[in-house]
>>> print(open('start-v7.cif').read())   # mmCIF, C-alpha atoms
data_entry
#
loop_
_atom_site.label_atom_id
_atom_site.label_comp_id
_atom_site.auth_asym_id
_atom_site.auth_seq_id
_atom_site.Cartn_x
_atom_site.Cartn_y
_atom_site.Cartn_z
CA MET A 1 -13.36 27.33 -37.53
CA THR A 2 -15.93 25.93 -35.16
CA THR A 3 -15.99 27.02 -31.55
CA LYS A 4 -16.95 25.04 -28.50
CA LYS A 5 -20.32 26.10 -27.11
CA THR A 6 -22.32 25.05 -24.08
CA LEU A 7 -25.80 24.14 -25.27
CA ILE A 8 -28.66 24.20 -22.75
CA LEU A 9 -31.91 22.26 -23.10
CA PRO A 10 -34.71 23.12 -20.66
CA ILE A 11 -35.36 20.30 -18.23
CA ALA A 12 -39.02 20.22 -19.24
CA ALA A 13 -37.97 18.98 -22.67
CA LEU A 14 -35.84 16.25 -21.14
CA VAL A 15 -38.68 15.11 -18.88
CA ALA A 16 -40.96 14.96 -21.89
CA ILE A 17 -38.47 12.67 -23.65
CA LEU A 18 -37.24 10.49 -20.81
CA GLY A 19 -39.99 10.65 -18.20
CA PHE A 20 -40.00 11.99 -14.65
CA LEU A 21 -36.61 12.07 -12.89
CA THR A 22 -36.15 12.24 -9.13
CA ILE A 23 -33.07 14.37 -8.47
CA ALA A 24 -31.49 13.88 -5.06
CA PRO A 25 -29.08 16.41 -3.57
CA PRO A 26 -25.42 15.39 -3.79
CA ILE A 27 -23.57 13.86 -0.86
CA PHE A 28 -20.24 15.30 0.23
CA ALA A 29 -17.39 12.88 0.98
CA ALA A 30 -14.31 13.30 3.14
CA SER A 31 -11.86 13.31 0.24
CA SER A 32 -8.55 15.15 0.08
CA GLU A 33 -7.18 17.11 -2.86
CA GLU A 34 -3.54 17.96 -3.50
CA VAL A 35 -2.29 20.26 -6.24
CA LEU A 36 0.75 18.50 -7.69
CA TYR A 37 1.77 21.24 -10.10
CA SER A 38 0.73 24.79 -10.99
CA PHE A 39 1.46 25.72 -14.58
CA GLY A 40 3.53 28.79 -15.48
CA LYS A 41 4.92 30.25 -18.66
CA GLY A 42 6.39 26.88 -19.68
CA GLY A 43 2.87 25.72 -20.46
CA THR A 44 -0.58 27.09 -19.68
CA ASN A 45 -4.27 26.21 -19.61
CA PRO A 46 -4.53 22.43 -20.13
CA TYR A 47 -7.76 21.16 -21.71
CA ALA A 48 -6.67 17.52 -21.76
CA SER A 49 -6.59 14.65 -19.30
CA LEU A 50 -3.41 12.86 -18.28
CA ILE A 51 -1.77 9.47 -18.86
CA PHE A 52 0.74 7.48 -16.80
CA ASP A 53 3.78 5.57 -18.03
CA GLY A 54 4.97 2.34 -16.42
CA SER A 55 7.26 4.25 -14.04
CA GLY A 56 4.54 6.45 -12.56
CA ASN A 57 5.33 9.62 -14.53
CA LEU A 58 2.43 11.72 -15.84
CA TYR A 59 2.12 13.11 -19.38
CA GLY A 60 -0.21 15.71 -20.86
CA THR A 61 -0.62 18.76 -23.07
CA THR A 62 -1.23 22.44 -22.52
CA TRP A 63 -3.20 24.64 -24.91
CA GLY A 64 -0.93 27.68 -24.51
CA GLY A 65 2.42 28.72 -23.14
CA GLY A 66 5.81 27.40 -24.15
CA GLY A 67 6.71 30.20 -26.55
CA GLY A 68 6.11 30.46 -30.27
CA THR A 69 4.21 33.10 -32.20
CA CYS A 70 0.73 32.31 -30.87
CA SER A 71 -1.66 33.93 -28.45
CA PHE A 72 -2.10 32.56 -24.89
CA GLY A 73 1.60 33.05 -24.14
CA GLY A 74 2.65 30.50 -26.72
CA CYS A 75 1.50 27.66 -28.94
CA GLY A 76 1.20 24.93 -26.32
CA THR A 77 3.34 22.10 -25.00
CA VAL A 78 3.66 18.40 -24.31
CA PHE A 79 4.86 17.92 -20.73
CA GLU A 80 5.96 15.20 -18.35
CA LEU A 81 5.59 15.35 -14.54
CA ILE A 82 8.14 13.27 -12.66
CA PRO A 83 7.67 12.45 -8.94
CA LYS A 84 10.62 13.56 -6.82
CA ALA A 85 12.15 11.29 -4.18
CA GLY A 86 11.52 13.73 -1.33
CA GLY A 87 7.99 14.59 -2.41
CA GLY A 88 6.59 16.91 -5.04
CA TRP A 89 6.72 16.70 -8.81
CA LYS A 90 9.09 18.16 -11.41
CA GLU A 91 7.88 19.28 -14.83
CA LYS A 92 9.80 18.55 -18.01
CA VAL A 93 8.64 20.09 -21.30
CA LEU A 94 9.01 17.45 -24.03
CA HIS A 95 7.90 19.63 -26.94
CA ARG A 96 7.02 23.28 -27.52
CA PHE A 97 4.68 23.75 -30.46
CA ASP A 98 5.25 26.57 -32.93
CA ASN A 99 3.23 28.54 -35.46
CA ASN A 100 5.76 27.99 -38.24
CA HIS A 101 3.48 26.63 -41.02
CA LYS A 102 4.74 23.10 -40.32
CA ASP A 103 4.20 22.26 -36.67
CA GLY A 104 0.75 22.17 -35.13
CA PHE A 105 -0.34 24.31 -32.21
CA TYR A 106 -3.04 24.51 -29.53
CA PRO A 107 -3.20 20.83 -28.49
CA SER A 108 -6.46 20.12 -26.65
CA ALA A 109 -6.36 16.31 -26.55
CA SER A 110 -4.75 13.85 -24.18
CA LEU A 111 -1.89 11.66 -25.39
CA ILE A 112 -1.56 7.93 -26.01
CA PHE A 113 1.45 5.59 -25.93
CA ASP A 114 2.21 2.83 -28.42
CA ALA A 115 3.95 -0.41 -27.41
CA SER A 116 7.37 1.13 -28.15
CA GLY A 117 6.90 4.12 -25.84
CA ASN A 118 6.17 6.71 -28.53
CA LEU A 119 3.54 9.37 -27.82
CA TYR A 120 0.75 10.38 -30.22
CA GLY A 121 -1.62 13.35 -30.12
CA THR A 122 -3.44 16.02 -32.09
CA THR A 123 -3.35 19.79 -32.37
CA TYR A 124 -6.45 21.89 -32.99
CA GLN A 125 -4.70 24.29 -35.37
CA GLY A 126 -1.49 24.62 -37.33
CA GLY A 127 0.33 22.28 -39.65
CA ALA A 128 1.12 22.81 -43.31
CA TYR A 129 -2.47 23.79 -44.15
CA ARG A 130 -3.47 25.47 -40.84
CA PHE A 131 -6.27 23.05 -39.87
CA GLY A 132 -4.50 20.95 -37.27
CA THR A 133 -2.20 17.96 -37.12
CA VAL A 134 -1.59 14.44 -35.86
CA PHE A 135 1.88 14.20 -34.32
CA GLU A 136 4.24 11.58 -32.88
CA LEU A 137 6.91 12.16 -30.23
CA THR A 138 9.75 9.62 -30.08
CA PRO A 139 12.10 9.42 -27.06
CA LYS A 140 15.84 9.71 -27.68
CA ALA A 141 18.64 8.13 -25.65
CA ASN A 142 19.64 11.50 -24.13
CA GLY A 143 16.16 12.14 -22.72
CA ASP A 144 15.01 14.49 -25.48
CA TRP A 145 12.03 13.77 -27.71
CA THR A 146 11.74 14.15 -31.49
CA GLU A 147 8.47 15.30 -33.04
CA LYS A 148 7.18 14.06 -36.39
CA ILE A 149 4.03 15.38 -38.09
CA LEU A 150 2.10 12.34 -39.33
CA HIS A 151 -0.70 14.30 -40.99
CA SER A 152 -1.64 17.94 -41.61
CA PHE A 153 -5.36 18.40 -42.18
CA TYR A 154 -6.07 20.29 -45.38
CA ARG A 155 -9.73 21.25 -45.43
CA TYR A 156 -9.14 24.19 -47.81
CA GLY A 157 -5.48 24.17 -48.60
CA LYS A 158 -3.79 21.14 -50.17
CA ASN A 159 -2.37 22.20 -53.54
CA GLY A 160 -4.83 25.11 -53.47
CA VAL A 161 -7.77 22.75 -54.04
CA TYR A 162 -10.87 22.51 -51.86
CA GLY A 163 -10.70 19.10 -50.19
CA LYS A 164 -12.80 16.66 -48.19
CA ASP A 165 -10.32 16.21 -45.38
CA GLY A 166 -11.26 16.88 -41.79
CA ALA A 167 -10.27 19.98 -39.85
CA SER A 168 -9.60 21.00 -36.25
CA PRO A 169 -9.22 17.73 -34.28
CA TYR A 170 -10.08 18.28 -30.63
CA ALA A 171 -10.15 14.75 -29.16
CA SER A 172 -7.53 12.14 -28.39
CA LEU A 173 -6.57 9.27 -30.67
CA ILE A 174 -6.90 5.50 -30.24
CA LEU A 175 -4.77 2.66 -31.64
CA ASP A 176 -5.89 -0.69 -33.00
CA ALA A 177 -3.91 -3.93 -32.63
CA ALA A 178 -2.13 -3.31 -35.95
CA GLY A 179 -0.88 0.13 -34.90
CA ASN A 180 -3.33 2.19 -36.96
CA LEU A 181 -4.56 5.47 -35.47
CA TYR A 182 -8.19 6.60 -35.33
CA GLY A 183 -9.71 9.93 -34.37
CA THR A 184 -12.31 12.61 -35.04
CA THR A 185 -12.23 16.16 -36.39
CA THR A 186 -14.72 18.78 -35.25
CA ALA A 187 -15.03 20.26 -38.74
CA GLY A 188 -14.20 19.53 -42.36
CA GLY A 189 -15.31 16.52 -44.36
CA ALA A 190 -17.40 16.14 -47.49
CA ASN A 191 -20.51 17.91 -46.16
CA LEU A 192 -20.95 21.56 -45.24
CA CYS A 193 -22.23 22.75 -41.88
CA GLN A 194 -21.94 26.50 -42.15
CA ARG A 195 -18.55 27.08 -43.83
CA ASP A 196 -16.29 24.61 -42.05
CA GLY A 197 -17.86 21.23 -42.68
CA CYS A 198 -19.60 18.88 -40.26
CA GLY A 199 -16.62 16.86 -39.04
CA THR A 200 -15.14 13.43 -39.74
CA VAL A 201 -13.90 10.11 -38.40
CA PHE A 202 -10.45 9.30 -39.83
CA GLU A 203 -7.87 6.52 -39.85
CA LEU A 204 -4.10 6.86 -40.26
CA THR A 205 -2.19 3.79 -41.48
CA SER A 206 1.61 3.58 -41.47
CA LYS A 207 3.24 2.86 -44.83
CA LYS A 208 6.19 0.57 -45.44
CA GLY A 209 9.26 2.71 -45.79
CA GLY A 210 7.80 5.53 -43.71
CA GLY A 211 4.92 7.97 -43.80
CA TRP A 212 1.25 7.58 -43.01
CA THR A 213 -1.84 7.35 -45.21
CA GLU A 214 -5.07 9.02 -44.08
CA LYS A 215 -8.53 7.65 -44.88
CA ILE A 216 -11.82 9.36 -44.04
CA LEU A 217 -14.11 6.67 -42.62
CA HIS A 218 -17.15 8.93 -42.24
CA SER A 219 -18.08 12.53 -43.04
CA PHE A 220 -20.86 13.75 -40.78
CA ASP A 221 -23.82 15.57 -42.30
CA ASN A 222 -26.46 18.11 -41.30
CA ASN A 223 -29.18 16.14 -43.09
CA GLY A 224 -31.72 15.67 -40.32
CA THR A 225 -30.62 12.16 -39.42
CA ASP A 226 -26.85 12.24 -38.82
CA GLY A 227 -25.07 14.04 -35.99
CA TYR A 228 -22.25 16.51 -36.55
CA TYR A 229 -19.42 18.39 -34.82
CA PRO A 230 -17.76 15.53 -32.86
CA TYR A 231 -15.64 16.89 -29.99
CA GLY A 232 -15.22 13.51 -28.28
CA GLY A 233 -12.93 10.67 -29.23
CA LEU A 234 -13.64 7.06 -30.18
CA VAL A 235 -13.77 3.66 -28.51
CA PHE A 236 -13.60 0.14 -30.01
CA ASP A 237 -15.79 -2.79 -29.03
CA ALA A 238 -14.49 -6.38 -29.09
CA SER A 239 -15.67 -6.82 -32.70
CA GLY A 240 -13.74 -3.83 -34.06
CA ASN A 241 -16.67 -1.41 -34.32
CA LEU A 242 -16.09 2.24 -33.43
CA TYR A 243 -18.32 4.34 -31.15
CA GLY A 244 -18.45 8.07 -30.46
CA THR A 245 -20.67 11.10 -30.01
CA THR A 246 -21.45 14.37 -31.75
CA THR A 247 -22.31 17.64 -30.04
CA VAL A 248 -25.10 18.51 -32.48
CA GLY A 249 -27.71 16.48 -34.32
CA GLU A 250 -31.39 16.07 -35.03
CA GLY A 251 -32.23 15.52 -31.36
CA GLY A 252 -29.52 17.81 -29.97
CA GLY A 253 -26.56 15.44 -30.29
CA ALA A 254 -26.03 11.80 -31.18
CA ALA A 255 -24.20 8.60 -30.25
CA PHE A 256 -23.01 6.69 -33.30
CA GLU A 257 -21.47 3.35 -34.29
CA LEU A 258 -19.21 2.75 -37.30
CA THR A 259 -18.99 -0.84 -38.58
CA PRO A 260 -16.24 -1.99 -40.99
CA ASN A 261 -17.37 -3.79 -44.14
CA THR A 262 -15.60 -5.53 -46.99
CA GLY A 263 -13.77 -3.19 -49.33
CA GLY A 264 -12.73 -0.85 -46.54
CA ILE A 265 -16.14 0.85 -46.30
CA TRP A 266 -17.53 1.77 -42.89
CA THR A 267 -21.26 2.02 -42.21
CA GLU A 268 -22.60 4.52 -39.68
CA LYS A 269 -25.55 3.83 -37.40
CA ILE A 270 -27.07 6.38 -35.01
CA LEU A 271 -27.63 4.61 -31.68
CA SER A 272 -29.52 7.37 -29.91
CA ASP A 273 -30.21 11.06 -29.85
CA ILE A 274 -28.46 12.66 -26.88
CA GLU A 275 -29.03 16.08 -25.43
CA PRO A 276 -26.73 18.80 -26.84
CA GLY A 277 -23.08 19.05 -25.92
CA SER A 278 -21.77 15.47 -25.73
CA THR A 279 -18.02 16.08 -25.61
CA GLY A 280 -16.30 13.41 -23.53
CA ASN A 281 -15.27 9.96 -24.75
CA LEU A 282 -17.65 7.03 -24.33
CA ILE A 283 -16.62 4.01 -22.24
CA PHE A 284 -17.88 0.43 -22.08
CA ASP A 285 -18.70 -1.59 -18.98
CA ALA A 286 -18.21 -5.35 -18.82
CA GLY A 287 -21.80 -5.90 -19.99
CA GLY A 288 -21.38 -3.96 -23.23
CA ASN A 289 -23.22 -0.82 -22.08
CA LEU A 290 -21.87 2.61 -23.01
CA TYR A 291 -21.51 5.58 -20.64
CA GLY A 292 -20.88 9.25 -21.32
CA THR A 293 -21.69 12.85 -20.45
CA SER A 294 -23.56 15.72 -22.05
CA THR A 295 -22.77 19.29 -21.06
CA GLY A 296 -26.13 20.79 -22.01
CA GLY A 297 -28.70 18.06 -21.47
CA GLY A 298 -31.34 18.32 -18.76
CA ALA A 299 -30.79 21.48 -16.76
CA ASP A 300 -26.99 21.72 -16.68
CA GLY A 301 -25.67 18.43 -18.01
CA LEU A 302 -26.16 14.67 -17.81
CA VAL A 303 -24.40 11.39 -17.17
CA PHE A 304 -26.04 8.79 -19.40
CA GLU A 305 -25.96 5.08 -20.17
CA LEU A 306 -26.72 3.44 -23.52
CA THR A 307 -27.90 -0.17 -23.26
CA PRO A 308 -28.23 -2.52 -26.26
CA ASN A 309 -31.74 -3.97 -26.50
CA GLY A 310 -30.76 -7.09 -28.44
CA ASP A 311 -32.63 -6.09 -31.60
CA GLY A 312 -30.08 -3.58 -32.84
CA THR A 313 -31.57 -0.63 -30.96
CA TRP A 314 -30.18 1.05 -27.86
CA ALA A 315 -31.98 2.47 -24.83
CA LEU A 316 -30.91 5.80 -23.31
CA ASN A 317 -30.92 5.94 -19.50
CA VAL A 318 -30.09 9.12 -17.56
CA LEU A 319 -28.02 8.29 -14.47
CA HIS A 320 -27.68 11.82 -13.13
CA THR A 321 -28.94 15.28 -14.06
CA PHE A 322 -26.72 18.16 -12.93
CA LEU A 323 -28.37 21.25 -11.45
CA MET A 324 -27.04 24.68 -10.58
CA ASN A 325 -28.16 24.53 -6.94
CA GLY A 326 -25.09 25.72 -5.06
CA THR A 327 -23.72 22.23 -4.36
CA ASP A 328 -23.92 20.11 -7.51
CA GLY A 329 -21.56 20.58 -10.44
CA ILE A 330 -22.65 21.71 -13.90
CA HIS A 331 -21.42 21.06 -17.46
CA PRO A 332 -19.38 17.80 -17.41
CA TYR A 333 -17.05 18.08 -20.42
CA GLY A 334 -14.63 15.24 -19.71
CA GLY A 335 -16.70 12.06 -19.69
CA VAL A 336 -16.55 9.45 -16.92
CA ILE A 337 -14.37 6.52 -15.84
CA PHE A 338 -15.07 3.38 -13.80
CA ASP A 339 -13.34 2.08 -10.70
CA ALA A 340 -12.96 -1.64 -10.01
CA THR A 341 -16.28 -1.83 -8.13
CA GLY A 342 -18.43 -0.13 -10.77
CA ASN A 343 -18.56 3.44 -9.51
CA LEU A 344 -18.26 6.30 -12.01
CA TYR A 345 -16.05 9.39 -11.63
CA GLY A 346 -15.86 12.66 -13.55
CA THR A 347 -15.45 16.42 -13.42
CA THR A 348 -17.69 19.40 -14.07
CA LEU A 349 -16.48 22.68 -15.51
CA GLY A 350 -18.64 24.78 -13.19
CA GLY A 351 -20.94 24.54 -10.23
CA GLY A 352 -20.12 23.17 -6.80
CA ALA A 353 -19.84 25.08 -3.56
CA HIS A 354 -17.80 27.87 -5.19
CA SER A 355 -19.25 27.76 -8.74
CA LEU A 356 -15.81 26.78 -10.12
CA GLY A 357 -16.22 23.09 -10.83
CA THR A 358 -16.25 19.73 -9.06
CA VAL A 359 -14.99 16.18 -8.96
CA PHE A 360 -17.92 13.78 -8.54
CA GLU A 361 -18.59 10.10 -7.97
CA LEU A 362 -21.72 8.19 -9.00
CA THR A 363 -22.48 4.97 -7.11
CA PRO A 364 -25.12 2.46 -8.24
CA ALA A 365 -27.87 2.35 -5.61
CA GLY A 366 -30.07 -0.43 -6.97
CA GLY A 367 -33.18 -0.30 -9.11
CA GLY A 368 -31.34 1.60 -11.82
CA ASN A 369 -30.71 4.56 -9.48
CA TRP A 370 -27.33 6.18 -8.84
CA THR A 371 -26.19 8.30 -5.90
CA GLU A 372 -23.89 11.27 -6.50
CA THR A 373 -21.09 12.23 -4.12
CA ILE A 374 -19.13 15.47 -4.49
CA LEU A 375 -15.49 14.59 -3.81
CA HIS A 376 -14.13 18.11 -4.30
CA SER A 377 -15.40 21.61 -5.08
CA PHE A 378 -12.69 23.75 -6.65
CA ILE A 379 -12.02 27.21 -5.24
CA ASN A 380 -10.05 30.22 -6.52
CA ASN A 381 -7.81 30.73 -3.49
CA GLU A 382 -4.50 31.24 -5.37
CA SER A 383 -3.59 27.65 -4.59
CA ASP A 384 -6.34 25.40 -5.89
CA GLY A 385 -7.13 25.09 -9.57
CA PHE A 386 -10.57 25.53 -11.06
CA SER A 387 -12.58 24.98 -14.25
CA PRO A 388 -11.61 21.40 -15.16
CA TYR A 389 -12.47 20.61 -18.79
CA ALA A 390 -10.76 17.23 -18.81
CA GLY A 391 -11.72 13.88 -17.38
CA LEU A 392 -9.93 11.83 -14.74
CA ILE A 393 -7.57 8.86 -14.59
CA PHE A 394 -6.65 6.43 -11.81
CA ASP A 395 -3.17 5.53 -10.67
CA ALA A 396 -1.91 1.97 -11.14
CA ALA A 397 -3.42 0.91 -7.82
CA GLY A 398 -6.85 2.17 -8.88
CA LYS A 399 -7.09 4.29 -5.75
CA ASN A 400 -6.17 7.92 -6.36
CA LEU A 401 -7.62 10.14 -9.10
CA TYR A 402 -5.61 12.57 -11.24
CA GLY A 403 -6.73 15.40 -13.47
CA THR A 404 -6.10 18.93 -14.74
CA THR A 405 -7.79 22.29 -14.33
CA ASN A 406 -7.77 24.89 -17.07
CA LEU A 407 -7.36 27.81 -14.66
CA GLY A 408 -6.14 28.53 -11.14
CA GLY A 409 -3.04 27.50 -9.27
CA SER A 410 -0.33 29.42 -7.48
CA ASN A 411 1.32 31.06 -10.51
CA SER A 412 0.47 34.26 -12.41
CA ASP A 413 -2.61 36.39 -11.90
CA SER A 414 -5.81 35.71 -9.92
CA ARG A 415 -7.11 33.37 -12.62
CA GLY A 416 -3.91 31.33 -12.86
CA TRP A 417 -2.72 29.08 -15.65
CA GLY A 418 -4.11 25.76 -14.49
CA THR A 419 -3.02 22.81 -12.38
CA VAL A 420 -2.48 19.08 -12.13
CA PHE A 421 -4.27 17.68 -9.08
CA GLU A 422 -4.68 14.42 -7.17
CA ILE A 423 -7.82 13.34 -5.32
CA THR A 424 -7.72 10.68 -2.63
CA PRO A 425 -11.30 9.45 -2.09
#
>>> encode(input="start-v7.cif", output="structure tokens")
Amino acid sequence: MTTKKTLILPIAALVAILGFLTIAPPIFAASSEEVLYSFGKGGTNPYASLIFDGSGNLYGTTWGGGGGTCSFGGCGTVFELIPKAGGGWKEKVLHRFDNNHKDGFYPSASLIFDASGNLYGTTYQGGAYRFGTVFELTPKANGDWTEKILHSFYRYGKNGVYGKDGASPYASLILDAAGNLYGTTTAGGANLCQRDGCGTVFELTSKKGGGWTEKILHSFDNNGTDGYYPYGGLVFDASGNLYGTTTVGEGGGAAFELTPNTGGIWTEKILSDIEPGSTGNLIFDAGGNLYGTSTGGGADGLVFELTPNGDGTWALNVLHTFLMNGTDGIHPYGGVIFDATGNLYGTTLGGGAHSLGTVFELTPAGGGNWTETILHSFINNESDGFSPYAGLIFDAAGKNLYGTTNLGGSNSDSRGWGTVFEITP
């Protein structure tokens, strides 16, 4: 099984590739943070971001807790947070995963809704063949939810035969207009990287009469040109092409495009080498440019933009380089999101005033420059959370930011079991 690693590239190498960068100290804004929920034994240590439903309830996953025969106090959960009329939020556990050779466990990805209100997600381990699952949760009239395993990844196990399936999905799924699911696996596939394979892009298509059919769209390769080990998810463009990143590749990591062709074949194209550790999902702006983060590029991470040149190539622009300087964050795992005016927001796992992570904003300043503002520095004070792996979301008004921290909060020991927080810029 692959493990997540923070990969560091000396800043001198980045300067040699991208040219001289002027790094301004971050600005601090008068923003307020509120911890909405501190996780306990019902679910612990979320790695994933959140989603809202139409009623303003929040949904997410926790890596551990919830019971079951796993480490970390359990096998993980799917949870809902419901705002209470008098203030505060109430947690409801929708599903407790189990290490029972059928269910998946250790979910690290955020969830998605379909048009009917069903939830879809992935687990990093478990399932019939022990290499993770894709699952669906369907709401029942009495408020309970029913889980169905749509696919168990079988890198080494299906019918005892070595396979070419993916293994260990870490990222969230996306849906196309026809209801097909797409995602990535960090390992597995047709090509070997060490013993676990280099990772895949897969599609799940629902069959008439029930069940789902999996198709591997691309198996990554350690061949000197392709990237491998994708920990981030995918995004569609308007033409139906898929885009994502890998954490490792010839130049450290890579951004890729997959284009559908006749006969169901997809063609991969590497858009750019990216410094090691690209883990968050890519996003598009209105002009067709892509934005993302790298945890190990530059000194302690990057926010980057990929701009199409018009001739099929893409230009890599670094918008911000994170530095361990006592104020700035370091290692942005969760990617970035836009607000309505074109500012970018994200989290860093570490750094900040207390070395425990930050929430940051990047504002375009003209001339291709961006100004960073630190909205919050997390602190281990038995109330605040810290170490946010996941990215952020906005509420329906596009005003307040919501996210999770992997550690901290008011429950358990000094390290805590993580939180859900709200930031009002």
>>> residues_near_point(input="start-v7.cif", point="(-4.9, 23.0, -41.5)", cutoff="8 Å", atoms="only C-alpha atoms", output="PyMOL selection string")
chain A and resi 125-133+152-157+167-168
>>> residues_around(input="start-v7.cif", residues="Asp176 of chain A", least_positions_apart="3", cutoff="12 Å", atoms="only C-alpha atoms", output="list of chain:residue names")
A:Ile112, A:Phe113, A:Asp114, A:Ala115, A:Leu173, A:Gly179, A:Asn180, A:Leu181, A:Tyr182, A:Gly183, A:Glu203, A:Leu204, A:Thr205, A:Leu234, A:Val235, A:Phe236, A:Asp237, A:Ala238, A:Ser239, A:Gly240, A:Asn241, A:Leu242
>>> atom_distance(input="start-v7.cif", atom1="atom CA of Phe322 of chain A", atom2="atom CA of Thr293 of chain A")
10.5 Å
>>> resolve_selection(input="start-v7.cif", expression="the PyMOL selection byres ((chain A and resi 394) around 10)", output="PyMOL selection string")
chain A and resi 50-52+337-339+345+392-393+395-403+422-423
>>> closest_residue(input="start-v7.cif", among="A:Gln194, A:Asn99, A:Thr313, A:Thr327", to="Tyr229 of chain A", atoms="only C-alpha atoms")
A:Gln194
>>> atom_distance(input="start-v7.cif", atom1="atom CA of Gly88 of chain A", atom2="atom CA of Ser108 of chain A")
25.4 Å
>>> residues_around(input="start-v7.cif", residues="Gly189 of chain A", least_positions_apart="4", cutoff="9 Å", atoms="all atoms listed in the file", output="list in words")
Arg155, Gly163, Lys164, Asp165, Gly166, Ala167, Thr185, Asp196, Gly197, Cys198, Gly199, Thr200, Val201, Ile216, His218, Ser219, Phe220 and Asp221 of chain A
>>> atom_distance(input="start-v7.cif", atom1="atom CA of Gly280 of chain A", atom2="atom CA of Asn57 of chain A")
23.7 Å
>>> resolve_selection(input="start-v7.cif", expression="the PyMOL selection byres ((chain A and resi 95) around 7)", output="ChimeraX atom specification")
/A:77-78,93-94,96-97
>>> build_atoms(input="start-v7.cif", residues="segment 324-336 of chain A", atoms="N, CA and C atoms", output="PDB file, keeping the file's coordinate frame")
ATOM      1  N   MET A 324     -27.723  23.554 -11.209  1.00  0.00           N
ATOM      2  CA  MET A 324     -27.040  24.680 -10.580  1.00  0.00           C
ATOM      3  C   MET A 324     -27.795  25.042  -9.294  1.00  0.00           C
ATOM      4  N   ASN A 325     -27.443  24.359  -8.203  1.00  0.00           N
ATOM      5  CA  ASN A 325     -28.160  24.530  -6.940  1.00  0.00           C
ATOM      6  C   ASN A 325     -27.258  24.936  -5.789  1.00  0.00           C
ATOM      7  N   GLY A 326     -26.010  25.295  -6.104  1.00  0.00           N
ATOM      8  CA  GLY A 326     -25.090  25.720  -5.060  1.00  0.00           C
ATOM      9  C   GLY A 326     -24.238  24.602  -4.491  1.00  0.00           C
ATOM     10  N   THR A 327     -24.527  23.362  -4.835  1.00  0.00           N
ATOM     11  CA  THR A 327     -23.720  22.230  -4.360  1.00  0.00           C
ATOM     12  C   THR A 327     -23.301  21.319  -5.509  1.00  0.00           C
ATOM     13  N   ASP A 328     -24.216  21.013  -6.406  1.00  0.00           N
ATOM     14  CA  ASP A 328     -23.920  20.110  -7.510  1.00  0.00           C
ATOM     15  C   ASP A 328     -23.064  20.814  -8.562  1.00  0.00           C
ATOM     16  N   GLY A 329     -22.309  20.028  -9.317  1.00  0.00           N
ATOM     17  CA  GLY A 329     -21.560  20.580 -10.440  1.00  0.00           C
ATOM     18  C   GLY A 329     -22.456  20.799 -11.637  1.00  0.00           C
ATOM     19  N   ILE A 330     -21.938  21.500 -12.639  1.00  0.00           N
ATOM     20  CA  ILE A 330     -22.650  21.710 -13.900  1.00  0.00           C
ATOM     21  C   ILE A 330     -21.667  21.613 -15.065  1.00  0.00           C
ATOM     22  N   HIS A 331     -22.161  21.141 -16.199  1.00  0.00           N
ATOM     23  CA  HIS A 331     -21.420  21.060 -17.460  1.00  0.00           C
ATOM     24  C   HIS A 331     -20.219  20.104 -17.374  1.00  0.00           C
ATOM     25  N   PRO A 332     -20.468  18.790 -17.427  1.00  0.00           N
ATOM     26  CA  PRO A 332     -19.380  17.800 -17.410  1.00  0.00           C
ATOM     27  C   PRO A 332     -18.809  17.584 -18.813  1.00  0.00           C
ATOM     28  N   TYR A 333     -17.655  18.161 -19.089  1.00  0.00           N
ATOM     29  CA  TYR A 333     -17.050  18.080 -20.420  1.00  0.00           C
ATOM     30  C   TYR A 333     -16.211  16.815 -20.617  1.00  0.00           C
ATOM     31  N   GLY A 334     -15.697  16.223 -19.556  1.00  0.00           N
ATOM     32  CA  GLY A 334     -14.630  15.240 -19.710  1.00  0.00           C
ATOM     33  C   GLY A 334     -15.022  13.787 -19.717  1.00  0.00           C
ATOM     34  N   GLY A 335     -16.308  13.456 -19.734  1.00  0.00           N
ATOM     35  CA  GLY A 335     -16.700  12.060 -19.690  1.00  0.00           C
ATOM     36  C   GLY A 335     -16.534  11.469 -18.302  1.00  0.00           C
ATOM     37  N   VAL A 336     -16.640  10.146 -18.198  1.00  0.00           N
ATOM     38  CA  VAL A 336     -16.550   9.450 -16.920  1.00  0.00           C
ATOM     39  C   VAL A 336     -15.645   8.232 -17.051  1.00  0.00           C
TER      40      VAL A 336
END
